[in-house]
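Remarks on the structure that follows.
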Amino acid sequence: MLAEALVLSAILFVIGTTGVLIRRNAIIMFLCVELQLNAVNLSFVALSQYIGIEGQVFVFFIMTVAAAEAAVGLAIIISIFRHYETVNVDNFNLLKW
Amino acid sequence: MGLLTTGLVAQDAGGGFDPLLPGLIVLLPFLGFVANGILALVAGTRGAARVRAGNEASETADNTKRTLTQTLPTWIGPGVMLAAFILTLLNFVGLLGVELTEPVIRSYWTWMATGTLTVEAALQLDQLSLIMMMVVTGVGFLIHVFSVGYMKEDPGYARYFAYLNLFVFFMLTLVMGANFPMMFVGWEGVGLCSYLLIGFWFQDREKADAGKKAFIVNRIGDFGLLMAMFMLFALFGTLDYVAIFEAAPEVMAYGGFAATAIALFLLLGAIGKSAQVPLYVWLPDAMAGPTPVSALIHAATMVTAGVYLVARASVLFALAPVGAAAVATVGAVTALFAATIALQQYDIKKVLAYSTVSQLGFMFMAVGVGAYAAGVFHLMTHAFFKALLFLGAGAVIHSMHHALHATHKDWDAQDMRNMGGLRRFMPVTWITMWAATLAIAGVWPFAGFFSKDEIIWFVGTSAPASALYVVLWAMAIATALLTAFYMTRLMVMTFHGSNRTGEGERGHLHEAPLSMTVPLGILAVLSVVGGWVNVPGSIRESIFGGFGLLPMSDWLDRWMEPVTASAQAIRLEQMGAYASTAPVGGGHVVWGAIATGLALAVVLVGARLVASREIRPATESEAPATGIRGLLYNKWYVDEFYDRFIVKPVVGLSRFCWRWIDQVLIDGTVNAVGTVSRGLGWFGSLFQTGQINTYAFIVTLGALALLGVLIF
């Protein structure tokens, strides 16, 4: 069972990473980050079967932080959208120098 | 409160003498400072508010209606001084007739405890410190009372009394401290108050500069005092007077390097504070302060701290014959040098300032030849008559200032050429100042005769075989004669002859108010009788004894004996006893007669001489520019010499350090570091695209690389 769970987790993580790297829509990139987080959650839960309960505790922390992050992240995206009227990250290039 | 209660708990009373509240004596002036200081702050805020409101002029109009900040200091300032004086007097009376060989020490708390050094906040009472306390609180009280009249119309009235009280607090700490650090606190504190009071009218740039000059010149001396303290600590492991002076004869070899070095460093400190050659230049400039300040700080008390220091550390100087000889030589050179300058000054306070420098030289001569009691004796009598001279000069300036102010004449109120014939207008000031003049000239039976004659006598007889002391002796006699002359000149130019103030001003000249004349009177009495406490036995038995009129023979010498006994013992063992005749023969009585006769002759002839010369107001006469008179008028060009060879090079070096070392080298290095960092940053920023994807890609690559490292 463990091997399958870990493989699924790896697949989900790679999908998420790829999405972050290749997509230009901020919302999509954001969702891909969530996907990466949940891939990690999955491997935590799977491994906690063998190692101990701590893995499941971590999952709750990650979910809490992800929720908070979602709130802040979406707020930022909305305000960026209001400013540029787009969510294409190629247009957001002020973060330098 | 701890200060008082600890003092009350008897700590091993010494030989039946139990000092009465010594801590309170020091504390009282401090409380006065706090109270007056608060009033000064209140007055200052109000004054500033008035200026902001734009009716600055109303201040003078309101003068008749005196506020609390103007009336309270009148009672607090002199009040705390009177209380301190009474306490000191009670202690003094308590010590009379008590054989006290060891000083009584009251320790209040541990001030510093670091490693092997422990310094107690401790006060010491012995014969020397009590004499000093009597002078400080007694003369100080009189000068506080005088100030009430003198400073009445000054807007900084409360501030003035705050500073004056603070000065007395530090001066008492200086003379009562039981160890070198305590004395040093007082030493620096009085220097601070001196600075504050010289620059009291700080709106005047020149006066503020005079304060700075005094402070900076004194730093040179303080360096010496600190060095001496470091050496003492290295040698003795303690800085307490009693411990050091007891151990000194065993620890330090007679005339050895350590003893000589410590003595010379202590001398440097004393030279700075007591305005001796070559660091005397600050004292004449210090006359920029209010005149009562000149009387209290720059004549009677603070400048005598150097003499006190040598007398206090008498054992160390007795162990260092070179150091002691240096003290005497510095004193003699200063005495003669300053007296010559006083001959040609026209500013009444400048004459007195150089006279003070000269008289301090006499005290240095005394303590240099081991006559510590004679030095302290002259310190005491000098405090009486020089305080009186300064206060008298203050009364004259006060009157002159009013007269010139009334007619809006912009003459110098301190220039003696503008005075003349003031005897008619200010009889009390005139008669009291003559008493002081005869005292400083050394005319029997005034106070100065006994103290100065004793010093001259001890200088001449201290080392029978040494040519140095014969020269010093001759210099001392020459100085005494010059003193008599320049003081007579001052008196005649100020009070005698025809009045030169001008018709309009003449009507406004007036005698000083009661608060000023009463201190003058008391000090005049002291200037007459102050010397009678230490009439040498031989003189008392001769015709000079005044048929038993002068009561206590050698009282001060015997009083001071416990303090100086160990120093005298070392001196007697190493250098032998004092000679019984002067270098060219003649006993004490003969030379006493010669001295007083010469002084009187100089006074009479000098008065004739000055009176016969025509003196014109300062604006009509020009200063002597050539010859010996010009040289003396310009004070031997010492200030110019210092300016050319010390001040200018130092300023030049500082400017070099500023322009080249600081601005070019240090600032350049710092700026270069900054520029290089910015350049590197700019280069690095070229890699920044601002694109989220790029960053995400690099993060992923990094994570993969780390993963690779972990796996393989």
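Quick note on naming: the chains in the structure tokens go A, B, ... in the order shown, residues restart at 1 in each chain, and ligands are numbered from 1 in order of appearance.
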
Compile the contact shell of Val14 in chain A as number ranges by chain: residues with an atom at most 12 Å away, counting only C-alpha atoms, same-chain residues fewer than 5 positions apart removed.
-> A: 7-9, 19-22, 32-33, 35-40; B: 700, 704

What are the closest atom pairs, with distances in Å to one decimal, for all residues of chain A lying within 9 Å of chain B? Consider only C-alpha atoms, order rows by chain and residue number, and present the result as JSON lines.
{"residue": "A:Thr17", "atom": "CA", "partner": "B:Thr700", "partner_atom": "CA", "distance": 7.9}
{"residue": "A:Val20", "atom": "CA", "partner": "B:Ala696", "partner_atom": "CA", "distance": 7.3}
{"residue": "A:Leu21", "atom": "CA", "partner": "B:Asn693", "partner_atom": "CA", "distance": 5.7}
{"residue": "A:Ile22", "atom": "CA", "partner": "B:Asn693", "partner_atom": "CA", "distance": 7.5}
{"residue": "A:Arg23", "atom": "CA", "partner": "B:Asn693", "partner_atom": "CA", "distance": 8.4}
{"residue": "A:Arg24", "atom": "CA", "partner": "B:Asn693", "partner_atom": "CA", "distance": 7.9}
{"residue": "A:Val89", "atom": "CA", "partner": "B:Ile692", "partner_atom": "CA", "distance": 6.8}
{"residue": "A:Asp90", "atom": "CA", "partner": "B:Gln691", "partner_atom": "CA", "distance": 6.3}
{"residue": "A:Asn91", "atom": "CA", "partner": "B:Gln691", "partner_atom": "CA", "distance": 8.3}
{"residue": "A:Phe92", "atom": "CA", "partner": "B:Gln691", "partner_atom": "CA", "distance": 6.7}
{"residue": "A:Asn93", "atom": "CA", "partner": "B:Gly690", "partner_atom": "CA", "distance": 4.2}
{"residue": "A:Leu94", "atom": "CA", "partner": "B:Gly690", "partner_atom": "CA", "distance": 5.7}
{"residue": "A:Leu95", "atom": "CA", "partner": "B:Gly690", "partner_atom": "CA", "distance": 4.4}
{"residue": "A:Lys96", "atom": "CA", "partner": "B:Gly690", "partner_atom": "CA", "distance": 4.8}
{"residue": "A:Trp97", "atom": "CA", "partner": "B:Ser685", "partner_atom": "CA", "distance": 5.4}

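As for CA of Thr260 in chain B and CA of Gly361 in chain B, they are spaced 20.7 Å apart.
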
What's the 10 Å shell around Ala618 in chain B, counting only C-alpha atoms, without same-chain residues fewer than 2 positions away, as number ranges by chain?
-> B: 346, 411-412, 415-419, 500, 615-616, 620-623

Going by DSSP on the backbone, which bits of range 186-426 of chain B are alpha helix (DSSP H)? Write them as a ChimeraX atom specification, please.
-> /B:186-198,205-236,241-251,257-273,282-285,291-295,305-312,314-318,321-342,348-368,372-406

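By only C-alpha atoms, and with residues fewer than 2 positions from Phe230 in chain B along its chain excluded, the set lying at most 12 Å from it is Leu117, Phe180, Pro181, Phe223, Gly224, Leu225, Leu226, Met227, Ala228, Leu232, Phe233, Ala234, Leu235, Phe236, Gly237, Thr238, Leu239, Ala258, Ala261, Ile262, Phe265 and Leu266 of chain B.
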
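Residues surrounding Val45 in chain A within 7 Å are A:Asn41, A:Leu42, A:Ser48, A:Gln49, A:Gly55, A:Gln56 [only C-alpha atoms; sequence separation below 3 positions excluded].
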
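Residues surrounding range 63-73 of chain A within 8 Å are Phe30, Glu34, Leu37, Val59 and Ile77 of chain A [only C-alpha atoms; sequence separation below 4 positions excluded].
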
Expected file: the selected residues, C-alpha atoms, as a PDB file, in the first residue's frame:
ATOM      1  CA  PHE A  30      -1.589  29.082  -7.210  1.00  0.00           C
ATOM      2  CA  GLU A  34      -1.815  23.774  -3.477  1.00  0.00           C
ATOM      3  CA  LEU A  37       1.227  20.845  -0.699  1.00  0.00           C
ATOM      4  CA  VAL A  59      -0.823  17.433   7.923  1.00  0.00           C
ATOM      5  CA  ILE A  77      -3.995  38.189  -6.904  1.00  0.00           C
TER       6      ILE A  77
END

Residues at most 6 Å from range 429-439 of chain B, counting only C-alpha atoms, excluding those fewer than 2 positions away in the same chain, as a PyMOL selection string?
-> chain B and resi 385+389+392+423+426-427+441-443+446-448+524+527

Quick one, how far is CA of Trp532 in chain B from CA of Pro445 in chain B?
->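 Between CA of Trp532 in chain B and CA of Pro445 in chain B the gap works out to 8.2 Å.
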